[in-house]
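**Student:** This one is final.cif, mmCIF, C-alpha atoms.
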```cif
data_query
#
loop_
_atom_site.label_atom_id
_atom_site.label_comp_id
_atom_site.auth_asym_id
_atom_site.auth_seq_id
_atom_site.Cartn_x
_atom_site.Cartn_y
_atom_site.Cartn_z
CA MET A 287 183.44 179.72 156.01
CA THR A 288 180.60 182.00 157.04
CA THR A 289 179.22 183.25 160.31
CA PRO A 290 176.04 181.70 161.72
CA PRO A 291 172.95 183.22 160.10
CA LEU A 292 171.53 186.31 161.70
CA TYR A 293 168.29 185.56 163.45
CA HIS A 294 165.61 188.19 162.89
CA GLN A 295 162.62 188.11 165.16
CA PHE A 296 159.71 190.42 164.45
CA THR A 297 157.42 190.45 167.45
CA THR A 298 153.81 191.46 166.87
CA SER A 299 150.65 191.18 168.89
CA PHE A 300 149.84 188.15 166.73
CA GLY A 301 153.04 186.25 167.55
CA SER A 302 156.64 186.11 166.34
CA ILE A 303 157.73 185.98 162.72
CA ASN A 304 161.22 184.57 162.28
CA THR A 305 163.48 184.98 159.25
CA PHE A 306 167.10 184.07 158.62
CA GLN A 307 169.70 186.08 156.71
CA PRO A 308 173.26 184.71 156.34
CA ILE A 309 176.05 187.31 156.63
CA PRO A 310 179.45 186.61 154.96
CA LEU A 311 182.45 186.34 157.25
CA GLU A 312 184.59 188.64 155.11
CA ILE A 313 183.12 192.11 154.81
CA SER A 314 185.54 194.41 153.04
CA LEU A 315 185.50 198.07 152.18
CA SER A 316 185.29 197.05 148.53
CA HIS A 317 181.62 196.29 149.25
CA PRO A 318 180.50 199.47 151.04
CA GLN A 319 176.78 198.71 150.81
CA THR A 320 177.26 195.33 152.48
CA PHE A 321 179.57 196.92 155.05
CA ARG A 322 177.04 199.58 155.98
CA SER A 323 174.31 196.96 156.30
CA PHE A 324 176.52 194.91 158.59
CA SER A 325 177.74 197.83 160.69
CA ASN A 326 174.19 199.05 161.29
CA THR A 327 173.12 195.65 162.57
CA TYR A 328 173.39 194.73 166.22
CA LEU A 329 175.20 191.42 166.74
CA SER A 330 175.08 189.68 170.08
CA SER A 331 178.44 188.28 171.16
CA LYS A 332 177.15 184.71 171.56
CA HIS A 333 174.36 184.02 169.12
CA GLY A 334 174.36 186.72 166.46
CA THR A 335 170.79 187.64 167.33
CA VAL A 336 168.92 190.61 165.93
CA GLU A 337 165.58 191.49 167.46
CA ASN A 338 163.38 194.09 165.82
CA GLU A 339 160.21 195.08 167.62
CA MET A 340 157.30 195.79 165.30
CA SER A 341 154.08 196.44 167.16
CA LEU A 342 150.81 195.83 165.35
CA THR A 343 147.31 196.11 166.74
CA LEU A 344 144.20 194.39 165.45
CA SER A 345 142.55 197.68 164.51
CA SER A 346 145.63 198.84 162.59
CA VAL A 347 145.40 195.74 160.41
CA VAL A 348 141.65 195.32 159.94
CA LEU A 349 140.35 198.87 159.48
CA PRO A 350 142.83 200.08 156.81
CA THR A 351 142.46 196.79 154.92
CA PHE A 352 138.71 197.24 154.67
CA SER A 353 139.08 200.92 153.81
CA LYS A 354 141.45 200.25 150.92
CA GLY A 355 139.26 197.39 149.73
CA LEU A 356 136.28 199.73 149.59
CA ASP A 357 138.42 202.12 147.54
CA THR A 358 139.06 199.28 145.09
CA LEU A 359 135.36 198.44 144.92
CA THR A 360 134.52 202.08 144.19
CA HIS A 361 137.24 202.26 141.55
CA ILE A 362 136.12 199.21 139.57
CA LEU A 363 132.49 200.34 139.69
CA GLN A 364 133.51 203.73 138.33
CA ALA A 365 135.53 202.00 135.61
CA ALA A 366 132.42 200.01 134.68
CA GLN A 367 130.35 203.18 134.38
CA GLU A 368 133.02 204.85 132.26
CA HIS A 369 133.22 201.82 129.96
CA ALA A 370 129.43 201.74 129.64
CA SER A 371 129.27 205.44 128.80
CA LYS A 372 131.89 205.10 126.06
CA ASN A 373 130.16 202.11 124.50
CA GLY A 374 126.50 203.10 124.64
CA ILE A 375 125.70 200.66 127.45
CA ASN A 376 123.19 201.39 130.20
CA ALA A 377 125.26 200.49 133.27
CA ASP A 378 122.29 200.25 135.64
CA ASP A 379 120.43 197.91 133.30
CA THR A 380 123.41 195.72 132.40
CA TYR A 381 125.80 195.21 135.30
CA PRO A 382 123.91 194.89 138.62
CA ASN A 383 122.33 191.55 137.63
CA ALA A 384 125.40 190.23 135.78
CA ARG A 385 126.97 187.07 137.17
CA LEU A 386 129.85 184.75 136.31
CA VAL A 387 127.72 181.60 136.03
CA ASP A 388 124.03 180.92 136.48
CA ASP A 389 124.30 179.46 139.98
CA MET A 390 126.42 182.31 141.38
CA ARG A 391 125.08 185.53 142.86
CA PRO A 392 125.13 188.75 140.76
CA LEU A 393 127.16 191.92 141.13
CA THR A 394 124.55 193.50 143.41
CA PHE A 395 124.98 190.68 145.91
CA GLN A 396 128.77 191.05 145.85
CA VAL A 397 128.55 194.76 146.65
CA GLN A 398 126.02 194.14 149.40
CA ASN A 399 127.99 191.37 151.05
CA SER A 400 131.43 192.96 150.86
CA THR A 401 130.02 196.03 152.62
CA ARG A 402 127.97 193.93 155.04
CA THR A 403 131.15 192.09 155.99
CA VAL A 404 132.67 195.41 157.06
CA LEU A 405 129.61 196.11 159.21
CA ARG A 406 129.54 192.60 160.68
CA VAL A 407 133.23 192.33 161.48
CA VAL A 408 133.51 195.76 163.09
CA SER A 409 130.35 195.15 165.14
CA ARG A 410 131.68 191.79 166.29
CA LEU A 411 135.08 193.23 167.21
CA GLN A 412 133.50 196.06 169.20
CA GLY A 413 130.93 193.80 170.84
CA THR A 414 128.07 195.96 169.57
CA ALA A 415 124.79 195.02 167.92
CA GLU A 416 124.90 194.84 164.13
CA GLU A 417 122.83 197.50 162.39
CA ALA A 418 119.99 196.30 160.17
CA TRP A 419 120.76 197.11 156.54
CA GLU A 420 118.18 196.53 153.83
CA ASP A 421 119.46 194.88 150.66
CA ASN A 422 117.50 197.05 148.24
CA GLU A 423 120.26 198.45 146.02
CA THR A 424 119.57 198.31 142.27
CA THR A 425 121.68 201.08 140.69
CA PHE A 426 125.26 202.32 140.79
CA ALA A 427 124.12 205.34 142.80
CA ASP A 428 122.73 202.89 145.35
CA PHE A 429 126.03 201.00 145.36
CA TYR A 430 128.01 204.14 146.20
CA LYS A 431 125.62 205.03 149.03
CA ARG A 432 126.06 201.53 150.43
CA ILE A 433 129.84 201.83 150.25
CA ASP A 434 129.66 205.19 152.04
CA LYS A 435 127.69 203.54 154.86
CA ALA A 436 130.50 201.00 155.24
CA ARG A 437 133.08 203.80 155.24
CA ASN A 438 131.21 205.50 158.08
CA ILE A 439 131.34 202.26 160.07
CA LEU A 440 135.13 202.29 159.74
CA LYS A 441 135.39 206.01 160.47
CA ASN A 442 133.40 205.69 163.69
CA ALA A 443 134.91 202.41 164.86
CA ASP A 444 136.01 202.26 168.50
CA VAL A 445 139.70 201.48 168.01
CA LYS A 446 140.43 201.06 171.70
CA LYS A 447 137.59 198.60 172.22
CA ILE A 448 138.58 196.59 169.13
CA ASP A 449 142.13 196.16 170.40
CA GLU A 450 141.05 195.38 173.96
CA ARG A 451 138.64 192.67 172.77
CA ALA A 452 141.08 190.93 170.41
CA GLU A 453 141.14 187.71 172.46
CA THR A 454 137.45 187.73 173.41
CA GLN A 455 135.60 184.60 172.27
CA VAL A 456 132.88 185.25 169.68
CA ASP A 457 130.45 183.13 167.66
CA VAL A 458 131.11 182.98 163.92
CA PRO A 459 128.45 181.26 161.78
CA LEU A 460 129.54 179.50 158.59
CA GLY A 461 126.68 177.73 156.88
CA PRO A 462 124.94 175.46 159.41
CA GLN A 463 127.93 175.53 161.77
CA ILE A 464 128.88 178.06 164.43
CA PHE A 465 132.53 178.42 165.38
CA LYS A 466 133.59 179.90 168.71
CA ILE A 467 136.92 181.63 168.17
CA SER A 468 138.69 184.79 169.29
CA ALA A 469 137.58 188.12 167.86
CA LYS A 470 141.06 188.45 166.36
CA ASP A 471 140.81 185.11 164.55
CA SER A 472 137.27 185.87 163.40
CA ALA A 473 138.52 189.02 161.68
CA LEU A 474 141.77 187.68 160.24
CA ASN A 475 140.66 184.17 159.28
CA GLN A 476 137.01 184.69 158.33
CA GLY A 477 136.07 188.36 158.02
CA ILE A 478 138.88 189.62 155.79
CA PRO A 479 138.91 186.50 153.53
CA ASN A 480 135.13 186.77 153.13
CA PHE A 481 135.42 190.46 152.24
CA PHE A 482 137.99 189.71 149.55
CA PHE A 483 135.93 186.81 148.21
CA HIS A 484 133.10 189.19 147.34
CA LEU A 485 135.41 191.98 146.18
CA GLN A 486 137.26 189.63 143.84
CA THR A 487 133.98 188.20 142.53
CA ALA A 488 132.72 191.72 141.78
CA TYR A 489 135.94 192.38 139.88
CA ALA A 490 135.61 189.12 137.92
CA ILE A 491 131.98 189.82 136.99
CA LEU A 492 132.84 193.25 135.59
CA ARG A 493 135.88 191.90 133.76
CA ALA A 494 133.75 189.15 132.20
CA GLN A 495 131.35 191.88 131.03
CA GLY A 496 134.18 193.47 129.06
CA VAL A 497 135.13 196.24 131.49
CA PRO A 498 138.85 196.95 130.81
CA ILE A 499 140.24 196.53 134.32
CA GLY A 500 143.36 194.66 135.42
CA LYS A 501 145.53 193.86 138.40
CA ARG A 502 146.58 197.50 138.84
CA ASP A 503 142.92 198.44 139.23
CA TYR A 504 142.49 195.77 141.89
CA ILE A 505 145.58 196.37 144.04
CA GLY A 506 146.26 200.02 143.21
CA SER A 507 144.32 201.29 146.22
CA PHE A 508 146.43 199.15 148.54
CA LEU A 509 149.62 200.65 147.10
CA GLY A 510 148.33 204.20 147.06
CA ILE A 511 148.40 204.51 143.26
#
```
Rewrite the structure from the file as structure tokens, please.

**Tutor:**
Amino acid sequence: MTTPPLYHQFTTSFGSINTFQPIPLEISLSHPQTFRSFSNTYLSSKHGTVENEMSLTLSSVVLPTFSKGLDTLTHILQAAQEHASKNGINADDTYPNARLVDDMRPLTFQVQNSTRTVLRVVSRLQGTAEEAWEDNETTFADFYKRIDKARNILKNADVKKIDERAETQVDVPLGPQIFKISAKDSALNQGIPNFFFHLQTAYAILRAQGVPIGKRDYIGSFLGI
């Protein structure tokens, strides 16, 4: 026989996340690790409830995610240049116009739209007008300048305003349709997925061109490696 499962509730500004972890009835000193885990856990006398408060804000989720994604974009572009240099390839002539299939946009477009997503999402969250960026990048040097512009958007973001406006209704265009949703949902359910769509496509284009990059190159920035 076992005790009722412990009920873990993680409360965030986006709602509650519930998980269950059964705890054995018999906890003996022959299992010190289990005993320590049990003794450090608060058990309510009636329900065996554990409540852990974990506070997250919208800015603390969105801004670091974009920042680390830009690190990944920079890393795979640098890997492409290194590969080109070692193999007698002109990176600026070969990669910017490369694409996965004929009816998909090239690498240049993926760099432009991943960075534009950062600009657009942060502007929408702050309630400020979106800056006008020209899409005139043609070289890797241009790509890095564009990424730096996106980094500056993140660096100068108004964190307080972003968090205060999380539930403000905003217009989000998708093709011919316009969706009216909260600023929070626009960032989490449209902005971030769109950013990763273009980042992943940039990765896939370079990989298809023979650049020796793998999963570690893609997620390393998110793990700090």

**Student:** From the set A:Ala443, A:Ala377, A:Ile499, A:Leu492, which residue has the shortest atom-to-atom contact distance to A:Gly413, counting all atoms listed in the file?

**Tutor:**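 So, comparing all the options, the nearest one is A:Ala443.
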
**Student:** Which residues would end up in the selection if the PyMOL selection byres ((chain A and resi 450) around 12) were applied here, given that I need the answer as a PyMOL selection string?

**Tutor:** chain A and resi 299+343-345+411-413+444-449+451-454+468-470

**Student:** Filtering to C-alpha atoms, could you give me those residues as a PDB file, in the frame of the given file?

**Tutor:**
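Resulting contents of part16.pdb:
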```
ATOM      1  CA  SER A 299     150.650 191.180 168.890  1.00  0.00           C
ATOM      2  CA  THR A 343     147.310 196.110 166.740  1.00  0.00           C
ATOM      3  CA  LEU A 344     144.200 194.390 165.450  1.00  0.00           C
ATOM      4  CA  SER A 345     142.550 197.680 164.510  1.00  0.00           C
ATOM      5  CA  LEU A 411     135.080 193.230 167.210  1.00  0.00           C
ATOM      6  CA  GLN A 412     133.500 196.060 169.200  1.00  0.00           C
ATOM      7  CA  GLY A 413     130.930 193.800 170.840  1.00  0.00           C
ATOM      8  CA  ASP A 444     136.010 202.260 168.500  1.00  0.00           C
ATOM      9  CA  VAL A 445     139.700 201.480 168.010  1.00  0.00           C
ATOM     10  CA  LYS A 446     140.430 201.060 171.700  1.00  0.00           C
ATOM     11  CA  LYS A 447     137.590 198.600 172.220  1.00  0.00           C
ATOM     12  CA  ILE A 448     138.580 196.590 169.130  1.00  0.00           C
ATOM     13  CA  ASP A 449     142.130 196.160 170.400  1.00  0.00           C
ATOM     14  CA  ARG A 451     138.640 192.670 172.770  1.00  0.00           C
ATOM     15  CA  ALA A 452     141.080 190.930 170.410  1.00  0.00           C
ATOM     16  CA  GLU A 453     141.140 187.710 172.460  1.00  0.00           C
ATOM     17  CA  THR A 454     137.450 187.730 173.410  1.00  0.00           C
ATOM     18  CA  SER A 468     138.690 184.790 169.290  1.00  0.00           C
ATOM     19  CA  ALA A 469     137.580 188.120 167.860  1.00  0.00           C
ATOM     20  CA  LYS A 470     141.060 188.450 166.360  1.00  0.00           C
TER      21      LYS A 470
END
```

**Student:** What do you get, as a VMD selection string, if you spell out every residue that the PyMOL selection byres ((chain A and resi 361-371) around 8) selects here?

**Tutor:** chain A and resid 357 to 360 372 to 377 426 489 492 497 to 499 503 to 504

**Student:** I'd like the residues picked by the PyMOL selection byres ((chain A and resi 484) around 8) written out as an NGL selection string, using the chain letters and numbers from the file.

**Tutor:** :A and (396-397 or 399-400 or 480-483 or 485-488)

**Student:** Keeping C-alpha atoms for every residue in the selection just given, could you write it to a file as a JSON list (two decimals), keeping the file's coordinate frame?

**Tutor:**
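File part_17.json, as written:
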```
[["chain", "number", "residue", "atom", "x", "y", "z"],
["A", 396, "GLN", "CA", 128.77, 191.05, 145.85],
["A", 397, "VAL", "CA", 128.55, 194.76, 146.65],
["A", 399, "ASN", "CA", 127.99, 191.37, 151.05],
["A", 400, "SER", "CA", 131.43, 192.96, 150.86],
["A", 480, "ASN", "CA", 135.13, 186.77, 153.13],
["A", 481, "PHE", "CA", 135.42, 190.46, 152.24],
["A", 482, "PHE", "CA", 137.99, 189.71, 149.55],
["A", 483, "PHE", "CA", 135.93, 186.81, 148.21],
["A", 485, "LEU", "CA", 135.41, 191.98, 146.18],
["A", 486, "GLN", "CA", 137.26, 189.63, 143.84],
["A", 487, "THR", "CA", 133.98, 188.20, 142.53],
["A", 488, "ALA", "CA", 132.72, 191.72, 141.78]]
```

**Student:** What is the atom CA of A:Ile491-atom CA of A:Thr351 distance in Å, reported with one decimal?

**Tutor:**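 The value is 21.9 Å.
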
**Student:** I'd like to know which of A:Arg406, A:Ile439, A:Ile467, A:Gln495 is closest to A:Thr380, using only C-alpha atoms.

**Tutor:**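 The closest residue to A:Thr380 is A:Gln495.
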
**Student:** Rank nothing, just name the residue among A:Asn422, A:Ser472, A:Ser346, A:Ser353 nearest to A:Pro382, using all atoms listed in the file.

**Tutor:** A:Asn422

**Student:** Between atom CA of A:Asp421 and atom CA of A:Leu386, what distance in Å does the model show, to one decimal?

**Tutor:** 20.4 Å

**Student:** Between atom CA of A:Phe429 and atom CA of A:Ala490, what is the distance in Å, rounded to a tenth?

**Tutor:**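 Separating atom CA of A:Phe429 from atom CA of A:Ala490 is a distance of 17.0 Å.
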
**Student:** Using all atoms listed in the file for the distances, tell me which of A:Ala384, A:Leu393, A:Val348, A:Leu356 is nearest to A:Glu423.

**Tutor:**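 Looking only at the distances to A:Glu423, the closest residue turns out to be A:Leu393.
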
**Student:** Need the shell around A:Val407: protein/DNA/RNA residues with any atom at most 7 Å away, counting all atoms listed in the file. Skip same-chain ones fewer than 4 positions apart. Format as a ChimeraX atom specification?

**Tutor:** /A:403,411,473,477

**Student:** Just checking: using all atoms listed in the file, which residue out of A:Thr424, A:Asp378, A:Asp471, A:Gln398 ends up closest to A:Gln455?

**Tutor:**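 Once distances to A:Gln455 are computed over all atoms listed in the file, the minimum belongs to A:Asp471.
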
**Student:** For A:Lys431, which residue out of A:Thr401, A:Arg502, A:Ile478, A:Val456 is the nearest one, using only C-alpha atoms?

**Tutor:** A:Thr401
